[in-house]
$ cat structure.txt   # compact mmCIF, C-alpha atoms
# COMPACT_ATOMS: atom_id res chain seq x y z
CA MET Y 73 77.83 -133.67 62.12
CA GLU Y 74 81.13 -135.37 62.91
CA SER Y 75 84.24 -133.29 62.40
CA ILE Y 76 86.23 -134.42 59.37
CA LEU Y 77 89.99 -133.84 59.29
CA LYS Y 78 90.75 -135.12 55.80
CA GLN Y 79 89.04 -136.40 52.65
CA VAL Y 80 90.57 -138.50 49.87
CA LEU Y 81 89.26 -140.06 46.70
CA GLY Y 82 91.33 -143.13 45.83
CA ILE Y 83 91.29 -144.02 42.13
CA ASP Y 84 92.40 -147.29 40.54
CA VAL Y 85 92.99 -146.46 36.87
CA SER Y 86 92.81 -148.89 33.98
CA GLN Y 87 92.60 -148.34 30.24
CA ASP Y 88 88.80 -148.21 30.15
CA GLU Y 89 87.60 -147.82 33.73
CA LEU Y 90 88.08 -145.82 36.92
CA VAL Y 91 87.29 -147.62 40.17
CA VAL Y 92 87.00 -145.05 42.95
CA LYS Y 93 86.61 -145.09 46.74
CA LEU Y 94 85.72 -142.02 48.77
CA GLY Y 95 87.27 -141.97 52.23
CA ARG Y 96 87.62 -139.67 55.20
CA MET Y 97 89.52 -139.30 58.45
CA ARG Y 98 87.40 -138.33 61.43
CA LYS Y 99 88.44 -136.16 64.33
CA ASP Y 100 89.38 -139.26 66.35
CA CYS Y 101 91.80 -140.20 63.49
CA ILE Y 102 89.65 -143.17 62.46
CA THR Y 103 89.76 -143.68 58.69
CA GLU Y 104 86.92 -145.15 56.67
CA VAL Y 105 85.67 -145.63 53.12
CA TYR Y 106 82.05 -144.53 52.86
CA ALA Y 107 81.28 -144.53 49.13
CA SER Y 108 82.44 -146.27 45.96
CA LYS Y 109 81.59 -146.30 42.27
CA ASN Y 110 82.96 -147.08 38.79
CA PHE Y 111 83.33 -144.58 35.95
CA VAL Y 112 84.42 -144.73 32.33
CA ASN Y 113 87.97 -143.49 31.71
CA ASN Y 114 87.04 -140.67 29.31
CA LEU Y 115 85.90 -137.05 29.44
CA SER Y 116 82.24 -137.83 30.16
CA GLY Y 117 83.34 -140.20 32.92
CA PHE Y 118 85.53 -137.49 34.46
CA THR Y 119 82.60 -135.06 34.53
CA SER Y 120 80.35 -137.66 36.17
CA LEU Y 121 83.07 -138.51 38.68
CA VAL Y 122 83.56 -134.93 39.85
CA GLY Y 123 79.80 -134.38 40.07
CA TRP Y 124 79.38 -137.54 42.15
CA VAL Y 125 82.17 -136.53 44.54
CA ASN Y 126 80.77 -133.00 44.95
CA LYS Y 127 77.44 -134.42 46.08
CA LEU Y 128 78.99 -136.67 48.75
CA LYS Y 129 82.01 -134.76 50.07
CA ASN Y 130 82.10 -132.46 53.09
CA ASN Y 131 82.36 -128.96 51.67
CA ASN Y 132 84.13 -127.65 54.79
CA VAL Y 133 87.21 -129.80 54.16
CA SER Y 134 89.33 -129.91 51.02
CA ILE Y 135 89.51 -133.18 49.12
CA ARG Y 136 92.52 -134.76 47.43
CA TYR Y 137 92.26 -137.12 44.45
CA VAL Y 138 94.94 -139.83 44.66
CA MET Y 139 95.88 -142.29 41.92
CA GLU Y 140 98.72 -144.54 40.78
CA ALA Y 141 101.02 -143.68 37.90
CA THR Y 142 99.54 -146.35 35.62
CA GLY Y 143 101.49 -146.10 32.38
CA VAL Y 144 99.80 -143.27 30.49
CA TYR Y 145 96.20 -144.15 31.34
CA HIS Y 146 96.08 -141.82 34.34
CA GLU Y 147 97.30 -138.74 32.49
CA LEU Y 148 94.02 -137.62 30.89
CA LEU Y 149 92.25 -137.65 34.25
CA ALA Y 150 95.16 -135.86 35.96
CA TYR Y 151 95.13 -133.11 33.34
CA TYR Y 152 91.35 -132.77 33.56
CA LEU Y 153 91.43 -132.41 37.35
CA ASP Y 154 94.31 -129.93 37.19
CA GLU Y 155 92.41 -127.80 34.66
CA ASN Y 156 89.46 -127.73 37.07
CA ALA Y 157 91.60 -126.65 40.04
CA ILE Y 158 91.21 -129.98 41.87
CA GLU Y 159 94.13 -131.20 43.98
CA VAL Y 160 95.76 -134.38 42.68
CA SER Y 161 98.51 -136.65 43.98
CA ILE Y 162 100.10 -139.34 41.80
CA VAL Y 163 101.86 -142.19 43.59
CA LEU Y 164 104.31 -144.76 42.26
CA PRO Y 165 102.67 -148.23 42.02
CA VAL Y 166 105.42 -149.83 44.12
CA LYS Y 167 104.44 -147.67 47.09
CA ILE Y 168 100.85 -148.83 46.88
CA SER Y 169 101.94 -152.46 46.49
CA ASN Y 170 104.12 -152.23 49.60
CA TYR Y 171 101.30 -150.55 51.51
CA MET Y 172 98.81 -153.25 50.48
CA ARG Y 173 101.11 -155.92 51.89
CA SER Y 174 100.98 -154.15 55.23
CA LEU Y 175 97.17 -154.40 55.12
CA ASP Y 176 97.42 -158.18 54.76
CA LYS Y 177 95.09 -158.22 51.77
CA LYS Y 178 94.63 -161.74 50.42
CA THR Y 179 92.66 -160.71 47.35
CA ILE Y 180 93.88 -158.02 44.97
CA THR Y 181 91.26 -156.52 42.67
CA ASP Y 182 90.58 -153.09 41.22
CA SER Y 183 88.25 -152.47 44.17
CA THR Y 184 90.75 -153.44 46.88
CA SER Y 185 93.48 -151.46 45.07
CA ALA Y 186 91.28 -148.34 45.06
CA GLU Y 187 90.57 -148.87 48.76
CA ALA Y 188 94.29 -149.18 49.53
CA ILE Y 189 95.01 -145.99 47.57
CA THR Y 190 92.33 -144.20 49.59
CA PHE Y 191 93.74 -145.27 52.96
CA PHE Y 192 97.27 -144.50 51.75
CA GLY Y 193 96.19 -140.96 50.85
CA LEU Y 194 94.45 -140.51 54.20
CA GLU Y 195 97.47 -141.67 56.20
CA ARG Y 196 100.21 -139.95 54.22
CA ASP Y 197 101.09 -136.32 53.59
CA LEU Y 198 101.31 -136.50 49.79
CA ALA Y 199 102.77 -133.85 47.52
CA LYS Y 200 100.44 -132.10 45.12
CA TRP Y 201 100.93 -133.16 41.49
CA GLN Y 202 101.79 -130.49 38.97
CA ARG Y 203 101.47 -131.01 35.25
CA PRO Y 204 104.78 -131.19 33.38
CA THR Y 205 105.98 -128.09 31.58
CA LYS Y 206 105.28 -128.50 27.87
CA VAL Y 207 108.92 -128.35 26.79
CA TYR Y 208 109.99 -130.94 29.37
CA LYS Y 209 107.10 -133.22 28.48
CA SER Y 210 108.12 -133.00 24.80
CA LEU Y 211 111.70 -133.85 25.77
CA ARG Y 212 110.48 -136.87 27.71
CA GLN Y 213 108.40 -138.07 24.76
CA LEU Y 214 111.24 -137.64 22.28
CA THR Y 215 113.93 -139.28 24.42
CA ARG Y 216 111.64 -142.24 25.15
CA GLU Y 217 110.81 -142.55 21.45
CA ARG Y 218 114.51 -142.62 20.63
CA SER Y 219 115.10 -145.30 23.27
CA GLN Y 220 112.41 -147.47 21.72
CA ILE Y 221 113.86 -146.96 18.24
CA ILE Y 222 117.30 -148.05 19.48
CA GLU Y 223 115.81 -151.16 21.06
CA MET Y 224 114.03 -152.09 17.82
CA ARG Y 225 117.20 -151.50 15.81
CA THR Y 226 119.13 -153.81 18.13
CA ILE Y 227 116.51 -156.53 17.65
CA CYS Y 228 116.69 -156.16 13.87
CA LYS Y 229 120.50 -156.30 13.89
CA ASN Y 230 120.40 -159.49 15.96
CA GLN Y 231 117.88 -160.99 13.53
CA LEU Y 232 120.07 -159.96 10.60
CA HIS Y 233 123.13 -161.57 12.19
CA ALA Y 234 121.17 -164.79 12.82
CA GLU Y 235 119.83 -164.79 9.26
CA LYS Y 236 123.30 -164.33 7.71
CA SER Y 237 124.72 -167.08 9.94
CA GLU Y 238 122.31 -169.69 8.57
CA ALA Y 239 123.47 -172.31 6.06
CA GLU Y 240 121.18 -170.90 3.37
CA PRO Y 241 120.20 -167.30 4.25
CA SER Y 242 117.02 -165.82 2.81
CA GLU Y 243 118.11 -163.06 0.44
CA SER Y 244 114.72 -161.34 0.57
CA GLY Y 245 114.73 -161.56 4.38
CA VAL Y 246 118.17 -159.95 4.56
CA ILE Y 247 117.03 -157.15 2.24
CA ARG Y 248 113.95 -156.46 4.36
CA LEU Y 249 115.96 -156.41 7.57
CA ASN Y 250 118.54 -154.04 6.07
CA THR Y 251 115.73 -151.77 4.85
CA HIS Y 252 114.14 -151.80 8.31
CA ILE Y 253 117.46 -151.00 9.98
CA SER Y 254 118.05 -148.10 7.57
CA LEU Y 255 114.58 -146.73 8.33
CA LEU Y 256 115.16 -146.95 12.09
CA GLU Y 257 118.52 -145.19 11.75
CA LEU Y 258 116.83 -142.41 9.77
CA GLN Y 259 114.15 -142.08 12.45
CA GLU Y 260 116.78 -141.97 15.20
CA ARG Y 261 118.56 -139.09 13.43
CA GLU Y 262 115.26 -137.24 12.99
CA VAL Y 263 114.39 -137.61 16.67
CA MET Y 264 117.84 -136.39 17.73
CA SER Y 265 117.45 -133.36 15.48
CA GLU Y 266 114.10 -132.60 17.10
CA ILE Y 267 115.61 -132.94 20.59
CA LYS Y 268 118.43 -130.50 19.76
CA ALA Y 269 116.04 -128.05 18.11
CA LEU Y 270 113.67 -128.19 21.10
CA ILE Y 271 116.49 -127.46 23.54
CA LYS Y 272 117.70 -124.52 21.45
CA SER Y 273 114.19 -123.08 21.21
CA ASP Y 274 113.86 -122.52 24.97
CA GLN Y 275 116.44 -120.35 26.75
CA GLU Y 276 115.90 -121.87 30.20
CA VAL Y 277 116.25 -125.43 28.91
CA ARG Y 278 119.23 -124.51 26.76
CA GLU Y 279 121.07 -122.98 29.72
CA ALA Y 280 120.20 -125.97 31.93
CA ALA Y 281 121.44 -128.42 29.29
CA GLU Y 282 124.70 -126.49 28.92
CA LEU Y 283 125.28 -126.67 32.67
CA LEU Y 284 124.64 -130.41 32.79
CA CYS Y 285 126.84 -131.03 29.76
CA SER Y 286 129.77 -129.41 31.60
CA ILE Y 287 129.95 -132.61 33.70
CA PRO Y 288 132.33 -135.23 32.23
CA GLY Y 289 130.45 -137.97 30.39
CA VAL Y 290 127.18 -136.05 30.14
CA GLY Y 291 126.09 -135.24 26.59
CA ILE Y 292 123.06 -133.54 25.15
CA LEU Y 293 121.02 -136.76 25.06
CA THR Y 294 121.66 -137.54 28.75
CA ALA Y 295 120.87 -133.96 29.73
CA ALA Y 296 117.64 -134.04 27.71
CA THR Y 297 116.60 -137.36 29.27
CA VAL Y 298 117.25 -136.24 32.85
CA LEU Y 299 115.49 -132.90 32.36
CA GLY Y 300 112.54 -134.53 30.63
CA GLU Y 301 112.08 -137.35 33.14
CA THR Y 302 112.32 -135.01 36.16
CA ASN Y 303 110.39 -132.09 34.61
CA GLY Y 304 113.43 -129.93 35.08
CA PHE Y 305 113.90 -131.20 38.67
CA ASP Y 306 110.65 -129.37 39.44
CA LEU Y 307 109.32 -131.76 42.09
CA ILE Y 308 112.70 -132.97 43.39
CA ARG Y 309 113.37 -131.63 46.88
CA ASN Y 310 116.74 -133.26 47.58
CA LYS Y 311 119.32 -135.70 46.24
CA ASN Y 312 117.97 -138.65 48.19
CA GLN Y 313 114.54 -138.23 46.63
CA LEU Y 314 116.10 -138.03 43.17
CA VAL Y 315 118.16 -141.19 43.70
CA SER Y 316 115.06 -143.03 44.93
CA TYR Y 317 113.03 -141.77 41.96
CA ALA Y 318 115.64 -143.22 39.62
CA GLY Y 319 115.64 -146.56 41.46
CA LEU Y 320 119.32 -146.20 42.36
CA ASP Y 321 118.71 -146.27 46.12
CA ILE Y 322 120.29 -149.09 48.11
CA ILE Y 323 118.27 -151.95 49.62
CA GLU Y 324 119.91 -153.89 52.41
CA LYS Y 325 118.32 -156.70 54.43
CA GLN Y 326 120.06 -157.55 57.67
CA SER Y 327 118.82 -159.01 60.96
CA GLY Y 328 121.05 -160.34 63.72
CA THR Y 329 123.68 -162.80 62.57
CA SER Y 330 121.50 -165.17 60.53
CA ILE Y 331 120.17 -162.80 57.88
CA LYS Y 332 122.60 -160.66 55.93
CA GLY Y 333 121.61 -160.03 52.34
CA LYS Y 334 123.86 -158.36 49.82
CA PRO Y 335 123.13 -154.64 49.31
CA ARG Y 336 121.61 -153.90 45.92
CA ILE Y 337 119.87 -151.08 44.14
CA SER Y 338 116.09 -151.16 44.28
CA LYS Y 339 115.43 -150.60 40.55
CA LYS Y 340 111.97 -149.46 41.70
CA GLY Y 341 112.03 -146.18 39.90
CA ASN Y 342 112.39 -144.51 36.54
CA LYS Y 343 114.12 -146.98 34.22
CA TYR Y 344 114.79 -144.30 31.59
CA LEU Y 345 116.88 -142.31 34.08
CA ARG Y 346 118.92 -145.37 35.04
CA LYS Y 347 119.45 -146.37 31.43
CA SER Y 348 120.57 -142.87 30.41
CA LEU Y 349 123.33 -142.85 33.08
CA HIS Y 350 125.09 -146.11 32.14
CA LEU Y 351 127.37 -144.93 29.33
CA PRO Y 352 127.96 -141.43 30.82
CA ALA Y 353 129.17 -143.07 34.04
CA LEU Y 354 131.68 -145.21 32.13
CA SER Y 355 132.91 -142.12 30.28
CA ALA Y 356 133.18 -140.11 33.52
CA ILE Y 357 135.27 -142.88 35.08
CA GLN Y 358 137.74 -142.64 32.20
CA HIS Y 359 137.98 -138.85 31.94
CA ASP Y 360 137.47 -137.39 35.42
CA LYS Y 361 139.70 -137.95 38.45
CA ARG Y 362 136.86 -137.54 40.95
CA PHE Y 363 134.63 -140.20 39.44
CA LYS Y 364 137.58 -142.45 38.68
CA GLY Y 365 138.61 -142.20 42.32
CA VAL Y 366 135.16 -143.31 43.47
CA PHE Y 367 135.24 -146.24 41.04
CA VAL Y 368 138.76 -147.41 41.99
CA ARG Y 369 138.06 -147.14 45.71
CA LEU Y 370 134.89 -149.25 45.48
CA VAL Y 371 136.45 -151.86 43.19
CA SER Y 372 139.43 -152.25 45.53
CA ARG Y 373 137.05 -152.67 48.47
CA ASP Y 374 134.40 -154.98 46.96
CA GLY Y 375 136.03 -156.27 43.79
CA VAL Y 376 132.81 -155.81 41.78
CA LYS Y 377 133.18 -153.41 38.86
CA MET Y 378 129.47 -153.24 38.04
CA LYS Y 379 128.61 -152.28 41.60
CA ALA Y 380 131.22 -149.51 41.49
CA ALA Y 381 129.90 -148.30 38.12
CA VAL Y 382 126.37 -148.06 39.56
CA ALA Y 383 127.75 -145.99 42.44
CA VAL Y 384 129.27 -143.61 39.89
CA GLN Y 385 125.87 -143.39 38.13
CA ARG Y 386 124.35 -142.35 41.43
CA LYS Y 387 127.09 -139.76 42.05
CA LEU Y 388 126.66 -138.48 38.51
CA LEU Y 389 122.91 -137.98 38.97
CA GLU Y 390 123.45 -136.21 42.29
CA MET Y 391 126.05 -133.98 40.65
CA MET Y 392 123.61 -133.05 37.89
CA PHE Y 393 121.03 -132.05 40.50
CA THR Y 394 123.58 -129.93 42.39
CA ILE Y 395 124.85 -128.24 39.24
CA TYR Y 396 121.29 -127.44 38.13
CA LYS Y 397 120.28 -125.97 41.49
CA LYS Y 398 123.43 -123.90 41.94
CA LYS Y 399 123.46 -122.73 38.31
CA GLU Y 400 127.22 -123.28 38.21
CA ARG Y 401 129.28 -125.19 35.69
CA TYR Y 402 131.12 -128.30 36.81
CA ASN Y 403 134.51 -127.54 38.37
CA PRO Y 404 136.83 -130.59 38.46
CA ASN Y 405 139.09 -128.76 40.94
CA TYR Y 406 136.26 -127.68 43.27
CA PHE Y 407 137.49 -129.54 46.34
CA ILE Y 408 141.09 -128.44 45.75
CA ALA Y 409 140.03 -124.79 45.47
CA LYS Y 410 137.81 -125.14 48.54
CA SER Y 411 140.56 -126.65 50.68
CA GLU Y 412 143.00 -123.92 49.58
CA SER Y 413 140.53 -121.21 50.53
CA ILE Y 414 140.06 -122.79 53.97
CA VAL Y 415 143.85 -122.80 54.50
CA CYS Y 416 144.06 -119.13 53.47
CA GLU Y 417 141.30 -118.20 55.91
CA LYS Y 418 143.12 -119.96 58.77
CA ASN Y 419 146.38 -118.14 57.96

$ encode --input "structure.txt" --output "structure tokens"
Amino acid sequence: MESILKQVLGIDVSQDELVVKLGRMRKDCITEVYASKNFVNNLSGFTSLVGWVNKLKNNNVSIRYVMEATGVYHELLAYYLDENAIEVSIVLPVKISNYMRSLDKKTITDSTSAEAITFFGLERDLAKWQRPTKVYKSLRQLTRERSQIIEMRTICKNQLHAEKSEAEPSESGVIRLNTHISLLELQEREVMSEIKALIKSDQEVREAAELLCSIPGVGILTAATVLGETNGFDLIRNKNQLVSYAGLDIIEKQSGTSIKGKPRISKKGNKYLRKSLHLPALSAIQHDKRFKGVFVRLVSRDGVKMKAAVAVQRKLLEMMFTIYKKKERYNPNYFIAKSESIVCEKN
């Protein structure tokens, strides 16, 4: 039998169906897909899927299940596989999309997507997925729920303003909109109370939130959002990875003298992280000399305030990661104290 170096099951996940491709890398580094099938996206389908794979796989080589982060539809399968001690990797959809373009695929279907995921898993050294800690998952759910409530309240307020601005406003319509706004405000307060109670209930999370809140501009809601969306920075290895995960990494297209695109952030990451950093960055610019210095320097160089504010968001996120890892509160005079200590050592 041919020697197999690696085995991967690529899974394209939709609401109702799992399209899977079983692939392997041979000793000569040739990759191939040698089996495919469709399964229902529920518990019975998961059981059938694992049984099918066990019959076809090479038992001498471990197998990795790889899938895209498709909304929430992939979560049940990921949890099922984790409970059964099966290795799983979850990849951002943008990575698969970029990889598919390199394959020059003209037709994109569930089948070709599953095939691309399989080859991607065979060619890449992917990190093993770990299920979120319960407290961090609850924080993520609550902060996202609050974000949705705020969005709905904004829509209702805009509708109310439009209704009142009409020549003959509908009194019953205004009453209903006011009632809806009051209900959303009540729900927002309830969710915030749950977030605060959840943080207080867990010592590790409470201490982490206190550290993050020592940074100017960062409040309990921002800390809760960052901790929830990153699972307490559990899978973040460095600041660059964190910035990329948030979609705050810089994209620049330049070639010779004819092509020179303006640098911009990718936005191909976690939108909840980016959104949670907007107001804290503006507050940090006002109340902290370090962040204000970054902002003023970039505005004086480029003349674009929004670009400078985004740079502060990135610095703020990196600072939160550093503070969390070092378990030290934010020190606004850190660089001053460090330079003084270096001078003392030289003397």

$ atom_distance --input "structure.txt" --atom1 "atom CA of Lys78 of chain Y" --atom2 "atom CA of Met139 of chain Y"
16.4 Å

$ residues_around --input "structure.txt" --residues "segment 343-349 of chain Y" --least-positions-apart "5" --cutoff "8 Å" --atoms "only C-alpha atoms" --output "PyMOL selection string"
chain Y and resi 216+294+297-298+301+318-320+385+388-389

$ write_last_selection --input "structure.txt" --atoms "C-alpha atoms" --output "PDB file, in the coordinates of the input"
ATOM      1  CA  ARG Y 216     111.640-142.240  25.150  1.00  0.00           C
ATOM      2  CA  THR Y 294     121.660-137.540  28.750  1.00  0.00           C
ATOM      3  CA  THR Y 297     116.600-137.360  29.270  1.00  0.00           C
ATOM      4  CA  VAL Y 298     117.250-136.240  32.850  1.00  0.00           C
ATOM      5  CA  GLU Y 301     112.080-137.350  33.140  1.00  0.00           C
ATOM      6  CA  ALA Y 318     115.640-143.220  39.620  1.00  0.00           C
ATOM      7  CA  GLY Y 319     115.640-146.560  41.460  1.00  0.00           C
ATOM      8  CA  LEU Y 320     119.320-146.200  42.360  1.00  0.00           C
ATOM      9  CA  GLN Y 385     125.870-143.390  38.130  1.00  0.00           C
ATOM     10  CA  LEU Y 388     126.660-138.480  38.510  1.00  0.00           C
ATOM     11  CA  LEU Y 389     122.910-137.980  38.970  1.00  0.00           C
TER      12      LEU Y 389
END

$ closest_residue --input "structure.txt" --among "Y:Ser185, Y:Arg203, Y:Asn130, Y:Lys399" --to "Asn170 of chain Y" --atoms "all atoms listed in the file"
Y:Ser185

$ closest_residue --input "structure.txt" --among "Y:Leu299, Y:Val166, Y:Ile337, Y:Leu175" --to "Lys206 of chain Y" --atoms "only C-alpha atoms"
Y:Leu299

$ closest_residue --input "structure.txt" --among "Y:Ser183, Y:Gln313, Y:Asn156, Y:Ser242" --to "Leu90 of chain Y" --atoms "all atoms listed in the file"
Y:Ser183

$ atom_distance --input "structure.txt" --atom1 "atom CA of Met172 of chain Y" --atom2 "atom CA of Ala188 of chain Y"
6.2 Å

$ closest_residue --input "structure.txt" --among "Y:Met378, Y:Ile135, Y:Ile227, Y:Cys285" --to "Gly193 of chain Y" --atoms "all atoms listed in the file"
Y:Ile135

$ closest_residue --input "structure.txt" --among "Y:Lys109, Y:Lys361, Y:Lys178, Y:Lys311" --to "Glu390 of chain Y" --atoms "all atoms listed in the file"
Y:Lys311

$ atom_distance --input "structure.txt" --atom1 "atom CA of Phe111 of chain Y" --atom2 "atom CA of Ser210 of chain Y"
29.5 Å

$ closest_residue --input "structure.txt" --among "Y:Asn131, Y:Asn250, Y:Gln259, Y:Thr181" --to "Leu214 of chain Y" --atoms "only C-alpha atoms"
Y:Gln259

$ residues_around --input "structure.txt" --residues "Asn114 of chain Y" --least-positions-apart "6" --cutoff "8 Å" --atoms "all atoms listed in the file" --output "PyMOL selection string"
chain Y and resi 88+148-149

$ residues_around --input "structure.txt" --residues "Glu187 of chain Y" --least-positions-apart "3" --cutoff "12 Å" --atoms "only C-alpha atoms" --output "NGL selection string"
:Y and (80-84 or 91-96 or 103-109 or 138-139 or 168 or 171-172 or 175 or 177 or 180-184 or 190-194)

$ axis_aligned_box --input "structure.txt" --around "segment 159-165 of chain Y" --padding-each-side "5 Å" --output "lines of an AutoDock Vina configuration file"
center_x = 99.2
center_y = -139.7
center_z = 42.9
size_x = 20.2
size_y = 27.0
size_z = 12.2

$ closest_atom_pairs --input "structure.txt" --of "segment 225-261 of chain Y" --to "segment 265-269 of chain Y" --cutoff "12 Å" --atoms "all atoms listed in the file" --output "CSV"
residue,atom,partner,partner_atom,distance
Y:Leu258,CA,Y:Ser265,CA,10.7
Y:Gln259,CA,Y:Ser265,CA,9.8
Y:Glu260,CA,Y:Ser265,CA,8.6
Y:Arg261,CA,Y:Ser265,CA,6.2

$ residues_around --input "structure.txt" --residues "Val246 of chain Y" --least-positions-apart "2" --cutoff "12 Å" --atoms "all atoms listed in the file" --output "list in words"
Cys228, Lys229, Asn230, Gln231, Leu232, His233, Ala234, Glu235, Lys236, Ser237, Glu238, Glu240, Pro241, Ser242, Glu243, Ser244, Arg248, Leu249, Asn250, Thr251, His252 and Ile253 of chain Y

$ build_atoms --input "structure.txt" --residues "segment 199-220 of chain Y" --atoms "N, CA and C atoms" --output "CSV table (one decimal), in the coordinates of the input"
chain,number,residue,atom,x,y,z
Y,199,ALA,N,102.5,-135.1,48.3
Y,199,ALA,CA,102.8,-133.8,47.5
Y,199,ALA,C,101.7,-133.7,46.4
Y,200,LYS,N,101.4,-132.4,46.2
Y,200,LYS,CA,100.4,-132.1,45.1
Y,200,LYS,C,101.1,-132.3,43.7
Y,201,TRP,N,100.4,-133.0,42.8
Y,201,TRP,CA,100.9,-133.2,41.5
Y,201,TRP,C,100.8,-131.9,40.7
Y,202,GLN,N,101.8,-131.6,39.9
Y,202,GLN,CA,101.8,-130.5,39.0
Y,202,GLN,C,102.1,-131.0,37.6
Y,203,ARG,N,101.3,-130.5,36.6
Y,203,ARG,CA,101.5,-131.0,35.2
Y,203,ARG,C,102.8,-130.6,34.7
Y,204,PRO,N,103.5,-131.5,33.9
Y,204,PRO,CA,104.8,-131.2,33.4
Y,204,PRO,C,104.8,-130.0,32.5
Y,205,THR,N,105.8,-129.2,32.5
Y,205,THR,CA,106.0,-128.1,31.6
Y,205,THR,C,106.0,-128.7,30.2
Y,206,LYS,N,105.4,-128.0,29.2
Y,206,LYS,CA,105.3,-128.5,27.9
Y,206,LYS,C,106.6,-128.9,27.3
Y,207,VAL,N,107.6,-128.1,27.4
Y,207,VAL,CA,108.9,-128.4,26.8
Y,207,VAL,C,109.6,-129.6,27.4
Y,208,TYR,N,109.4,-129.8,28.7
Y,208,TYR,CA,110.0,-130.9,29.4
Y,208,TYR,C,109.2,-132.2,29.0
Y,209,LYS,N,107.9,-132.1,28.9
Y,209,LYS,CA,107.1,-133.2,28.5
Y,209,LYS,C,107.5,-133.7,27.1
Y,210,SER,N,107.7,-132.7,26.2
Y,210,SER,CA,108.1,-133.0,24.8
Y,210,SER,C,109.5,-133.7,24.8
Y,211,LEU,N,110.4,-133.2,25.7
Y,211,LEU,CA,111.7,-133.8,25.8
Y,211,LEU,C,111.6,-135.3,26.2
Y,212,ARG,N,110.7,-135.5,27.2
Y,212,ARG,CA,110.5,-136.9,27.7
Y,212,ARG,C,109.9,-137.8,26.6
Y,213,GLN,N,109.0,-137.3,25.8
Y,213,GLN,CA,108.4,-138.1,24.8
Y,213,GLN,C,109.4,-138.4,23.7
Y,214,LEU,N,110.3,-137.4,23.3
Y,214,LEU,CA,111.2,-137.6,22.3
Y,214,LEU,C,112.4,-138.6,22.7
Y,215,THR,N,112.8,-138.4,23.9
Y,215,THR,CA,113.9,-139.3,24.4
Y,215,THR,C,113.4,-140.7,24.6
Y,216,ARG,N,112.2,-140.9,25.0
Y,216,ARG,CA,111.6,-142.2,25.2
Y,216,ARG,C,111.4,-142.9,23.8
Y,217,GLU,N,111.0,-142.0,22.8
Y,217,GLU,CA,110.8,-142.6,21.4
Y,217,GLU,C,112.2,-143.0,20.9
Y,218,ARG,N,113.2,-142.2,21.1
Y,218,ARG,CA,114.5,-142.6,20.6
Y,218,ARG,C,115.0,-143.9,21.3
Y,219,SER,N,114.7,-144.1,22.6
Y,219,SER,CA,115.1,-145.3,23.3
Y,219,SER,C,114.4,-146.5,22.7
Y,220,GLN,N,113.2,-146.4,22.3
Y,220,GLN,CA,112.4,-147.5,21.7
Y,220,GLN,C,112.9,-147.8,20.3
